[in-house]
Every structure is written in structure tokens, then in C-alpha cells.
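Below: entry.txt (compact mmCIF, C-alpha atoms and all ligand atoms)
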# COMPACT_ATOMS: atom_id res chain seq x y z
CA MET F 2 19.82 2.57 1.51
CA ASN F 3 16.33 2.26 0.18
CA ILE F 4 13.97 3.77 2.69
CA PRO F 5 10.46 4.49 1.45
CA PHE F 6 8.34 7.10 3.16
CA ASN F 7 5.87 4.49 4.32
CA LYS F 8 5.70 0.71 4.37
CA PRO F 9 2.34 -0.68 5.48
CA TRP F 10 2.89 -3.35 8.12
CA ILE F 11 1.16 -6.73 7.95
CA SER F 12 1.60 -9.32 10.72
CA GLY F 13 0.29 -12.24 8.62
CA LYS F 14 -2.64 -12.92 10.95
CA GLU F 15 -4.76 -10.75 8.65
CA PHE F 16 -4.93 -13.64 6.17
CA ASP F 17 -6.15 -16.10 8.82
CA TYR F 18 -8.96 -13.74 9.71
CA ILE F 19 -9.89 -13.20 6.06
CA ARG F 20 -10.10 -17.00 5.70
CA GLN F 21 -12.26 -17.04 8.80
CA ALA F 22 -14.56 -14.39 7.29
CA ALA F 23 -14.95 -16.56 4.19
CA LYS F 24 -15.78 -19.58 6.37
CA ASN F 25 -18.36 -17.50 8.25
CA GLY F 26 -20.22 -17.23 4.95
CA HIS F 27 -20.77 -13.51 5.53
CA LEU F 28 -18.57 -11.42 3.25
CA SER F 29 -20.68 -8.30 2.74
CA GLY F 30 -20.62 -5.56 5.40
CA ASN F 31 -21.83 -5.44 9.00
CA GLY F 32 -20.90 -9.02 9.87
CA PRO F 33 -19.02 -10.47 12.86
CA PHE F 34 -15.65 -8.82 12.10
CA THR F 35 -17.26 -5.42 11.58
CA GLN F 36 -18.97 -5.84 14.95
CA LYS F 37 -15.70 -6.87 16.62
CA CYS F 38 -13.88 -3.78 15.27
CA GLN F 39 -16.69 -1.45 16.30
CA THR F 40 -16.92 -2.98 19.78
CA PHE F 41 -13.16 -2.60 20.12
CA PHE F 42 -13.40 1.17 19.60
CA MET F 43 -16.60 1.64 21.60
CA GLU F 44 -14.96 0.02 24.62
CA ARG F 45 -11.48 1.45 24.23
CA TYR F 46 -12.56 5.03 23.43
CA GLY F 47 -15.86 5.09 25.33
CA LEU F 48 -17.81 5.96 22.17
CA GLN F 49 -21.60 6.01 22.09
CA GLY F 50 -21.56 4.43 18.63
CA CYS F 51 -19.30 3.85 15.68
CA PHE F 52 -19.50 2.70 12.09
CA LEU F 53 -16.70 1.28 9.98
CA THR F 54 -16.51 2.96 6.58
CA THR F 55 -14.42 2.46 3.48
CA SER F 56 -12.43 5.65 4.18
CA CYS F 57 -12.17 8.71 6.39
CA THR F 58 -13.59 10.61 3.42
CA ASP F 59 -16.73 8.46 3.73
CA ALA F 60 -16.91 9.11 7.47
CA LEU F 61 -16.73 12.86 6.84
CA GLU F 62 -19.45 12.55 4.19
CA MET F 63 -21.65 10.63 6.62
CA ALA F 64 -21.15 13.38 9.21
CA ALA F 65 -22.07 16.06 6.64
CA MET F 66 -25.29 14.14 5.85
CA LEU F 67 -26.07 13.59 9.52
CA ILE F 68 -26.00 17.30 10.27
CA ASN F 69 -28.01 18.03 7.09
CA ILE F 70 -25.48 20.33 5.46
CA LYS F 71 -27.26 22.23 2.67
CA PRO F 72 -26.33 24.91 0.11
CA GLY F 73 -25.45 28.18 1.79
CA ASP F 74 -24.40 26.65 5.11
CA GLU F 75 -20.91 27.64 6.20
CA VAL F 76 -18.33 25.24 7.57
CA ILE F 77 -15.03 26.28 9.16
CA ILE F 78 -12.06 24.16 8.06
CA PRO F 79 -8.28 24.64 8.21
CA SER F 80 -6.72 25.41 4.85
CA PHE F 81 -3.73 23.21 5.68
CA THR F 82 -5.42 19.82 5.38
CA PHE F 83 -6.29 17.09 2.93
CA VAL F 84 -8.94 17.69 0.26
CA SER F 85 -11.50 15.32 1.87
CA THR F 86 -11.89 17.47 5.01
CA ALA F 87 -13.44 20.20 2.85
CA LEU F 88 -14.82 18.12 -0.02
CA ALA F 89 -17.25 16.18 2.17
CA PHE F 90 -19.01 19.45 3.02
CA ALA F 91 -18.48 21.32 -0.28
CA ARG F 92 -20.26 18.50 -2.18
CA GLN F 93 -23.37 19.15 -0.05
CA GLY F 94 -23.24 22.78 -1.18
CA ALA F 95 -21.56 24.26 1.90
CA ILE F 96 -19.45 27.40 1.71
CA ILE F 97 -16.02 26.60 3.11
CA ARG F 98 -14.55 29.28 5.36
CA PHE F 99 -10.89 28.38 5.54
CA VAL F 100 -8.95 29.15 8.75
CA ASP F 101 -5.23 29.73 8.90
CA SER F 102 -2.84 27.52 10.89
CA GLY F 103 -1.94 28.53 14.43
CA ALA F 104 1.13 30.51 15.48
CA GLY F 105 4.01 28.03 15.52
CA LYS F 106 1.97 24.98 14.51
CA PRO F 107 0.49 23.64 11.28
CA GLY F 108 -2.83 22.74 12.94
CA ILE F 109 -5.87 25.04 13.05
CA GLY F 110 -5.45 28.45 14.73
CA GLU F 111 -8.09 28.05 17.46
CA ASP F 112 -7.94 31.74 18.41
CA ILE F 113 -8.92 32.97 14.95
CA ILE F 114 -11.97 30.75 14.46
CA GLU F 115 -14.48 32.99 16.22
CA ASP F 116 -14.04 35.83 13.69
CA LEU F 117 -15.42 33.52 10.99
CA ILE F 118 -18.58 32.50 12.83
CA ASN F 119 -21.88 34.02 11.68
CA GLU F 120 -25.56 33.01 11.54
CA ASN F 121 -24.88 30.58 8.65
CA THR F 122 -22.08 28.69 10.40
CA ARG F 123 -23.02 25.06 11.02
CA ALA F 124 -19.80 23.30 11.94
CA ILE F 125 -16.10 23.49 12.76
CA ILE F 126 -13.88 20.68 11.49
CA PRO F 127 -10.64 20.62 13.52
CA VAL F 128 -7.90 18.45 12.03
CA HIS F 129 -5.48 16.87 14.51
CA TYR F 130 -2.50 17.33 12.23
CA ALA F 131 0.17 14.61 12.56
CA GLY F 132 -1.81 13.17 15.45
CA VAL F 133 -1.23 16.26 17.62
CA SER F 134 -4.46 17.35 19.26
CA CYS F 135 -6.05 20.73 18.64
CA ASP F 136 -7.05 22.69 21.72
CA MET F 137 -10.44 21.04 22.02
CA ASP F 138 -11.65 23.05 25.03
CA LYS F 139 -11.38 26.25 23.00
CA ILE F 140 -13.19 24.66 20.05
CA MET F 141 -15.92 23.01 22.13
CA ASN F 142 -16.54 26.28 23.99
CA LEU F 143 -17.11 28.08 20.69
CA ALA F 144 -19.41 25.28 19.53
CA GLU F 145 -21.48 25.60 22.67
CA LYS F 146 -21.56 29.40 22.56
CA TYR F 147 -22.80 29.51 18.95
CA ASN F 148 -24.69 26.19 18.89
CA ILE F 149 -22.65 24.64 16.08
CA TYR F 150 -21.30 21.15 15.46
CA VAL F 151 -17.74 19.92 15.88
CA ILE F 152 -16.62 17.10 13.61
CA GLU F 153 -13.09 16.01 14.46
CA ASP F 154 -10.99 14.99 11.46
CA THR F 155 -9.08 12.26 13.29
CA ALA F 156 -7.51 10.79 10.12
CA HIS F 157 -4.07 11.04 11.78
CA GLY F 158 -5.22 10.87 15.38
CA ILE F 159 -5.85 7.24 16.35
CA GLU F 160 -4.65 6.62 19.95
CA SER F 161 -3.74 10.29 20.50
CA LEU F 162 -5.22 12.06 23.50
CA TYR F 163 -6.42 15.51 24.49
CA LYS F 164 -6.19 15.94 28.28
CA GLY F 165 -6.49 12.16 28.58
CA LYS F 166 -9.47 11.83 26.21
CA HIS F 167 -9.21 9.93 22.94
CA LEU F 168 -9.28 12.14 19.86
CA GLY F 169 -12.46 11.55 17.90
CA SER F 170 -14.48 11.09 21.09
CA ILE F 171 -14.71 14.78 22.02
CA GLY F 172 -16.67 16.54 19.25
CA HIS F 173 -20.15 15.48 18.08
CA PHE F 174 -18.48 13.13 15.59
CA GLY F 175 -14.97 11.83 14.91
CA CYS F 176 -13.72 10.63 11.53
CA PHE F 177 -10.85 8.11 11.42
CA SER F 178 -8.72 6.74 8.57
CA PHE F 179 -7.31 3.24 8.14
CA HIS F 180 -5.56 4.06 4.86
CA GLU F 181 -2.29 2.19 4.47
CA ALA F 182 -0.30 5.29 5.45
CA LYS F 183 -1.91 5.35 8.90
CA ASN F 184 -0.79 3.63 12.13
CA ILE F 185 -3.53 0.99 11.87
CA HIS F 186 -4.68 0.13 8.39
CA CYS F 187 -6.66 -2.12 6.09
CA GLY F 188 -5.47 -0.68 2.78
CA GLU F 189 -8.33 1.79 2.52
CA GLY F 190 -10.72 2.18 5.44
CA GLY F 191 -12.22 4.52 7.98
CA MET F 192 -14.68 4.93 10.82
CA LEU F 193 -17.27 7.39 12.02
CA ALA F 194 -17.41 7.81 15.80
CA VAL F 195 -20.78 9.05 17.04
CA ASN F 196 -20.55 10.75 20.39
CA GLU F 197 -24.22 11.43 21.11
CA ARG F 198 -26.63 8.48 21.23
CA HIS F 199 -29.52 10.15 19.44
CA TYR F 200 -27.60 10.19 16.12
CA ILE F 201 -26.99 6.44 16.06
CA ASP F 202 -30.26 5.32 14.54
CA ARG F 203 -30.04 7.75 11.64
CA ALA F 204 -26.31 7.15 11.16
CA GLU F 205 -27.03 3.45 10.72
CA LYS F 206 -29.52 4.17 7.92
CA ILE F 207 -27.20 6.61 6.15
CA TRP F 208 -24.47 3.94 6.41
CA GLU F 209 -26.73 1.29 4.80
CA LYS F 210 -27.82 3.10 1.60
CA GLY F 211 -30.55 5.08 3.34
CA THR F 212 -32.36 1.92 4.46
CA ASN F 213 -33.21 0.21 7.74
CA ARG F 214 -31.53 -2.99 6.55
CA ALA F 215 -29.43 -3.30 9.74
CA GLN F 216 -32.61 -3.27 11.84
CA PHE F 217 -34.16 -5.89 9.56
CA PHE F 218 -31.15 -8.21 9.98
CA ARG F 219 -31.35 -7.81 13.76
CA GLY F 220 -34.99 -8.92 13.57
CA GLU F 221 -36.27 -5.49 14.64
CA ALA F 222 -38.26 -4.89 11.43
CA SER F 223 -40.21 -7.32 9.23
CA TYR F 224 -38.87 -5.77 6.00
CA TYR F 225 -36.52 -2.98 5.05
CA GLU F 226 -37.05 0.00 2.80
CA TRP F 227 -35.77 3.41 1.73
CA LYS F 228 -35.94 5.68 4.78
CA ASP F 229 -33.37 8.46 4.39
CA THR F 230 -30.45 9.81 2.38
CA GLY F 231 -27.22 7.81 2.50
CA SER F 232 -24.81 5.74 0.48
CA SER F 233 -23.02 2.43 0.63
CA PHE F 234 -20.51 3.46 3.27
CA LEU F 235 -19.82 0.10 4.91
CA PRO F 236 -16.77 -2.02 4.05
CA SER F 237 -16.93 -5.76 3.38
CA GLU F 238 -16.05 -8.33 6.03
CA ILE F 239 -12.80 -9.06 4.16
CA ILE F 240 -11.63 -5.55 5.03
CA ALA F 241 -13.00 -5.70 8.59
CA ALA F 242 -11.21 -9.03 9.15
CA PHE F 243 -7.91 -7.49 8.04
CA LEU F 244 -8.51 -4.48 10.28
CA TYR F 245 -9.38 -6.58 13.32
CA SER F 246 -6.03 -8.35 13.10
CA GLN F 247 -4.28 -4.97 13.16
CA LEU F 248 -6.35 -3.84 16.12
CA GLU F 249 -5.22 -6.85 18.11
CA ASP F 250 -1.64 -5.59 17.60
CA ILE F 251 -2.39 -1.94 18.29
CA ASP F 252 -0.23 -1.67 21.44
CA VAL F 253 2.83 -3.22 19.78
CA ILE F 254 2.42 -1.01 16.72
CA GLN F 255 1.99 2.12 18.81
CA LYS F 256 5.02 1.38 20.97
CA ARG F 257 7.21 0.94 17.91
CA ARG F 258 6.03 4.10 16.17
CA LEU F 259 6.39 6.20 19.32
CA ASN F 260 9.94 4.93 19.88
CA LEU F 261 10.87 5.94 16.34
CA TRP F 262 9.20 9.36 16.75
CA HIS F 263 11.17 10.03 19.96
CA GLN F 264 14.38 8.85 18.34
CA TYR F 265 13.99 11.42 15.55
CA ASN F 266 13.03 14.11 18.03
CA SER F 267 15.95 13.61 20.38
CA GLY F 268 18.34 13.09 17.44
CA PHE F 269 17.45 16.45 15.88
CA LYS F 270 17.38 18.21 19.25
CA LYS F 271 20.95 17.12 19.92
CA PHE F 272 22.25 18.75 16.75
CA HIS F 273 20.99 22.27 17.51
CA CYS F 274 20.19 23.24 13.93
CA GLU F 275 17.65 25.89 15.01
CA LYS F 276 18.89 28.22 12.29
CA TYR F 277 17.43 25.93 9.63
CA ILE F 278 14.85 23.71 11.25
CA LYS F 279 12.24 23.77 14.00
CA LEU F 280 11.01 20.68 15.80
CA PRO F 281 7.30 19.99 16.19
CA VAL F 282 5.82 21.58 19.31
CA ILE F 283 3.64 19.23 21.36
CA PRO F 284 1.32 21.18 23.68
CA GLU F 285 1.04 20.00 27.27
CA TYR F 286 -2.56 18.90 26.75
CA ALA F 287 -1.63 16.57 23.88
CA THR F 288 -0.42 12.95 23.99
CA ILE F 289 0.94 11.97 20.59
CA ASN F 290 0.70 8.72 18.60
CA GLY F 291 3.82 8.54 16.39
CA ASN F 292 1.70 9.07 13.26
CA SER F 293 4.14 11.37 11.55
CA PHE F 294 7.47 13.02 12.26
CA TYR F 295 7.98 16.40 10.60
CA LEU F 296 10.35 19.36 10.76
CA ILE F 297 9.61 22.94 9.81
CA CYS F 298 12.42 24.28 7.63
CA ARG F 299 13.54 27.90 7.50
CA ASP F 300 12.27 28.27 3.93
CA ARG F 301 11.33 26.34 0.84
CA SER F 302 14.88 26.10 -0.52
CA VAL F 303 16.17 24.42 2.69
CA ARG F 304 13.20 22.01 2.60
CA ASP F 305 13.47 21.11 -1.09
CA GLY F 306 17.27 20.87 -0.84
CA LEU F 307 16.96 18.45 2.06
CA ILE F 308 14.44 16.28 0.20
CA SER F 309 16.77 16.12 -2.85
CA HIS F 310 19.82 15.43 -0.68
CA LEU F 311 18.25 12.45 1.12
CA LYS F 312 16.84 11.16 -2.16
CA LYS F 313 20.43 10.68 -3.36
CA TYR F 314 20.81 8.11 -0.58
CA GLY F 315 17.52 6.41 -1.36
CA VAL F 316 15.62 8.01 1.53
CA MET F 317 12.18 9.32 0.69
CA LEU F 318 11.14 12.48 2.53
CA LEU F 319 7.88 14.22 1.67
CA SER F 320 6.38 17.68 1.85
CA HIS F 321 2.68 17.88 2.72
CA TYR F 322 -0.56 19.64 1.81
CA LEU F 323 -1.01 22.42 -0.70
CA PRO F 324 -3.24 25.09 0.92
CA LEU F 325 -6.85 24.34 0.00
CA HIS F 326 -7.86 28.00 -0.28
CA LYS F 327 -5.42 28.25 -3.21
CA SER F 328 -6.49 24.99 -4.87
CA GLU F 329 -7.64 24.90 -8.48
CA TYR F 330 -11.11 23.77 -7.35
CA TYR F 331 -11.75 26.23 -4.55
CA SER F 332 -9.58 29.32 -5.05
CA LYS F 333 -12.28 31.17 -7.04
CA LYS F 334 -14.82 30.50 -4.27
CA HIS F 335 -12.46 31.50 -1.44
CA ASP F 336 -13.32 34.82 0.20
CA GLY F 337 -9.90 36.30 -0.56
CA ARG F 338 -8.38 36.33 2.93
CA ILE F 339 -4.64 35.71 2.94
CA LEU F 340 -3.77 32.64 4.99
CA ALA F 341 -0.04 33.15 5.27
CA ARG F 342 0.75 30.44 7.82
CA SER F 343 -0.98 27.74 5.85
CA GLU F 344 1.07 28.79 2.82
CA LYS F 345 4.23 28.86 4.89
CA TYR F 346 3.73 25.32 6.23
CA SER F 347 2.98 24.09 2.76
CA GLU F 348 6.38 25.41 1.65
CA THR F 349 8.45 24.42 4.65
CA ILE F 350 7.22 21.17 6.21
CA VAL F 351 9.22 18.04 5.54
CA ARG F 352 8.06 14.62 6.75
CA PHE F 353 10.34 11.71 7.56
CA PRO F 354 9.84 7.96 7.07
CA ILE F 355 8.11 6.34 10.02
CA TYR F 356 6.79 2.80 9.90
CA PHE F 357 6.86 -0.38 11.95
CA GLU F 358 9.79 -2.04 10.17
CA LEU F 359 12.03 1.03 10.11
CA LYS F 360 15.18 0.25 12.11
CA GLU F 361 16.88 2.38 14.77
CA GLU F 362 20.12 2.41 12.73
CA GLN F 363 18.20 3.75 9.75
CA VAL F 364 16.70 6.58 11.81
CA ASP F 365 20.20 7.44 13.12
CA ASP F 366 21.49 7.48 9.58
CA ILE F 367 18.66 9.72 8.35
CA VAL F 368 19.23 12.14 11.24
CA ASN F 369 23.00 12.22 10.55
CA LYS F 370 22.55 12.80 6.83
CA THR F 371 20.07 15.60 7.55
CA HIS F 372 22.57 17.13 9.96
CA SER F 373 25.44 17.01 7.50
CA PHE F 374 23.25 18.61 4.80
CA LEU F 375 22.32 21.45 7.15
CA CYS F 376 25.92 21.96 8.36
CA ASN F 377 27.03 22.50 4.80
CA TYR F 378 24.07 24.61 3.76
C1 LIG L 401 -6.45 15.17 7.48
C2 LIG L 401 -7.01 14.13 6.55
N1 LIG L 401 -8.33 13.97 6.50
C3 LIG L 401 -8.90 13.03 5.71
C4 LIG L 401 -8.12 12.20 4.92
C5 LIG L 401 -8.77 11.19 4.05
O1 LIG L 401 -8.57 9.89 4.52
P1 LIG L 401 -9.00 8.63 3.64
O2 LIG L 401 -7.91 8.39 2.66
O3 LIG L 401 -9.13 7.51 4.63
O4 LIG L 401 -10.30 8.97 3.00
C6 LIG L 401 -6.72 12.35 4.94
C7 LIG L 401 -5.87 11.48 4.14
O5 LIG L 401 -4.75 11.18 4.47
C8 LIG L 401 -6.16 13.33 5.78
O6 LIG L 401 -4.83 13.55 5.81
Taking this structure as input, can you express it in the form of C-alpha cells?
Amino acid sequence: MNIPFNKPWISGKEFDYIRQAAKNGHLSGNGPFTQKCQTFFMERYGLQGCFLTTSCTDALEMAAMLINIKPGDEVIIPSFTFVSTALAFARQGAIIRFVDSGAGKPGIGEDIIEDLINENTRAIIPVHYAGVSCDMDKIMNLAEKYNIYVIEDTAHGIESLYKGKHLGSIGHFGCFSFHEAKNIHCGEGGMLAVNERHYIDRAEKIWEKGTNRAQFFRGEASYYEWKDTGSSFLPSEIIAAFLYSQLEDIDVIQKRRLNLWHQYNSGFKKFHCEKYIKLPVIPEYATINGNSFYLICRDRSVRDGLISHLKKYGVMLLSHYLPLHKSEYYSKKHDGRILARSEKYSETIVRFPIYFELKEEQVDDIVNKTHSFLCNY
């Protein structure tokens, strides 16, 4: 067996669309394919506005600029997440107040957020870990009560729902990733969803190097100039063309990934290995997207042993994040609170291969090999 952790899927149609983009004679950003991708999400998710970016990191940075994060502002972020969730705000000078994971789930502990809110708090950044929604009502209620922003890190959350609503469309902003490890990809890519209309004009300038160039190209201004802060956040049409092809296949891709996710879930359930592993818990309010299948092991030695065992058969399992409050970059700035659950998930989560071309027989085999390892533990 040689089963990588991820294998980015390409239908082949991507290349036709890239050729088409070249024929269009518009290869820089914000051309016809960018518009098609953005319209796709506006219609499908009911967004007020959206902007393709070159990564989710970029989308988070755009959001930090849009809400004018400045030195001394505080931003509440789970410790168990990727660096970018915090970096986008830390680079603007924000103090990061890390929150622990919830009881029984790696995602943010919604019930412990309020203790961290004070007069300097500007935003909460919930991360929908593995595409499983956070409890957005609890988070939005806090945001309303204290007049703070919610920026959803939806890097894993494309097509997932919270009480029927698309993730990324609920907070003030949503930040998506189209990195090759995600359900829908273009190598590296992302998107900022803007959920209140009055931010759109400024978001467009921040997106286009702080200029009103987009307005100029629409014929709404006779010249363009430096208007605001920003950066070059927009991807080229080559990338947007690739992405649009993937979007046309979104339902097929989703169906496949969800089937594989459920196959793992029912396979592990059948074996009753509760002594060593726990299955992911999907709250009633959440509809998942097959982004990632993980187990929570009893302890680090079970997890690392399992990874080594499957590696012998050519199957690549992975652990996940190192807690950000203990990172080399931020640990000295962290306020010293112990975030035991975040540390526990860092030591015990194991993620399984899940990608379009993975076969049912291979999933069965992985489940059986995991079972036999645990039986002999
Ligand atoms: C939760 C989370 N947020 C943000 C990112 C950054 O995404 P990108 O690589 O598109 O910048 C990642 C990367 O996987 C992630 O896991």
C-alpha cells in the first residue's frame, strides 16, 4: 500500500479553463474567472460580498485590516489552530488571548470565551476545526453583547453548515482556504466573505493594494490612486480559472469525501475500541463536509504508536497543531494560563487519509489495520 495523507484532485478541466483565461487576454487578477468564482459563492452562500485571495492567511489579514486592528487591541483565538489564525492579527500589533478547546472537542470552548473579554477586546476568531461548526449562536451573542467582531476561520469549513447556514456567512467576515489539502483547491488560494455590505467598498481597496483600481476598471472613476492601507491580495486569473473548474465539480467532490468520512466513522464505531480511541463528536447543529477524519487517542503513546504502525504499511497518518500559546514565537507573550485541552488534543489527535481518489477498500484496510494495532496494544 502507498496511501498518502492527501492527494489533491484534478479533473483535467482546469487546464481548459486556464487556456481560456490566456485566450481572454486577462491574466492578472479580478478578471472573468475571478468574477465567476465570486458570483458562485455569493449566490450559493448568500454572501453580501466576497474577494478571492491567494490564501486563507491573506483573507485573515484583510479582515484584520478592515477592522483596523492596532497595537494593544486584544483578539480571542483558540490555541489549537494553525499559525495564520493568530499571525494575521499579531502582525498588526494585537495581543492574542488564547482560548482553550471545548470539553470533548478540539474546537474553541465557547463557554470560556466571555472570561477573556475586556474593554480592549476587538474580535473573536472561531475556527471550525475539521469542518465541524462552532456554536455560532453563543459566539454571536457574545459579539453583540460586547460590540466586538466575529471573523470565522473557515479554512476547513467549505460547504459545512451551522443550523442550515453556510459557515463563513454568519460572522462579520469568513475566511476560506483553497490550499491543496482542502476539499476544493487551486494549489494555494483563499477567499474573504464579507457579510455586511458597508465593508465591501473598503475591502475592495485593501484587496487592490490600497487603491480604487477596481472602480477605475469598472468605469466608475477617471483615474485610480492610493486611498487606503492594503496589499496585493488578489490571485491571478490562472488560479481563478483552476478554481472555477473545481467549483463546477463541488457536489461530486463533496459526495465522495462525505462517503469516505462516514465509512471511517462507521468502521471505527463497529470495533468498539473506546478504551483507546474516541470518535469525533458532531453536534446536532452542525452539518459536516468530509474535510478531515480524526480520532482522539487515549494518550500520546497510543497515537504515535498507531502512526508508526500504519507507516509500516505505507499509510500516512498525521497528528495536528502544536498549541500556539506554547509556540516559540508567542509563548513569552502568552499570559501564562494553562490551556490543558489544547495541549491534550495536540498530543492525541490522529488524522486519516481522506481524498477524492481514496478507494473504499483502502479505507476498510486502514480501519482493519488500526483495529488490529489497538487489539494488540
Ligand atoms: C485553521 C486554519 N486557518 C488558516 C489556515 C491557513 O490557510 P492557507 O494555507 O490557505 O493560508 C490553515 C491552514 O491549513 C488552517 O488550518
*Out of F:Ile289, F:Lys270, F:Tyr224, F:Pro5, which residue has the shortest atom-to-atom distance to His372 of chain F when counting only C-alpha atoms?*
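Nearest to His372 of chain F: F:Lys270.
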*Select the residues contacting ligand LIG 401 (chain L) at a distance of at most 9 Å, based on all atoms listed in the file, then format the selection as a ChimeraX atom specification.*
/F:54-61,81-87,128-131,154-157,176-183,189-192,322
*Got a sec: who's within 9 Å of segment 135-150 of chain F, counting only C-alpha atoms, leaving out chain neighbours fewer than 4 positions off, as a list in words?*
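Final neighbour list, sorted by chain and number: Ile68, Gly108, Ile109, Gly110, Glu111, Asp112, Ile114, Glu115, Ile118, Asn119, Glu120, Thr122, Arg123, Ala124, Ile125, Ile126, Pro127, Val128, His129, Tyr130, Tyr163, Ile171, Gly172, His173, Phe174, Pro284, Tyr286 and Ala287 of chain F.
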*Within 8 Å of segment 211-221 of chain F, counting only C-alpha atoms, which residues qualify if same-chain residues fewer than 6 places away don't, as an NGL selection string?*
:F and (31 or 205 or 227-232)
*atom CA of Gly175 of chain F and atom CA of Val282 of chain F, how far apart in Å?*
23.4 Å
*Which residue out of F:Arg338, F:Cys187, F:Ile11, F:Asp101 has the minimum interatomic distance to Glu238 of chain F when only C-alpha atoms are used?*
F:Cys187
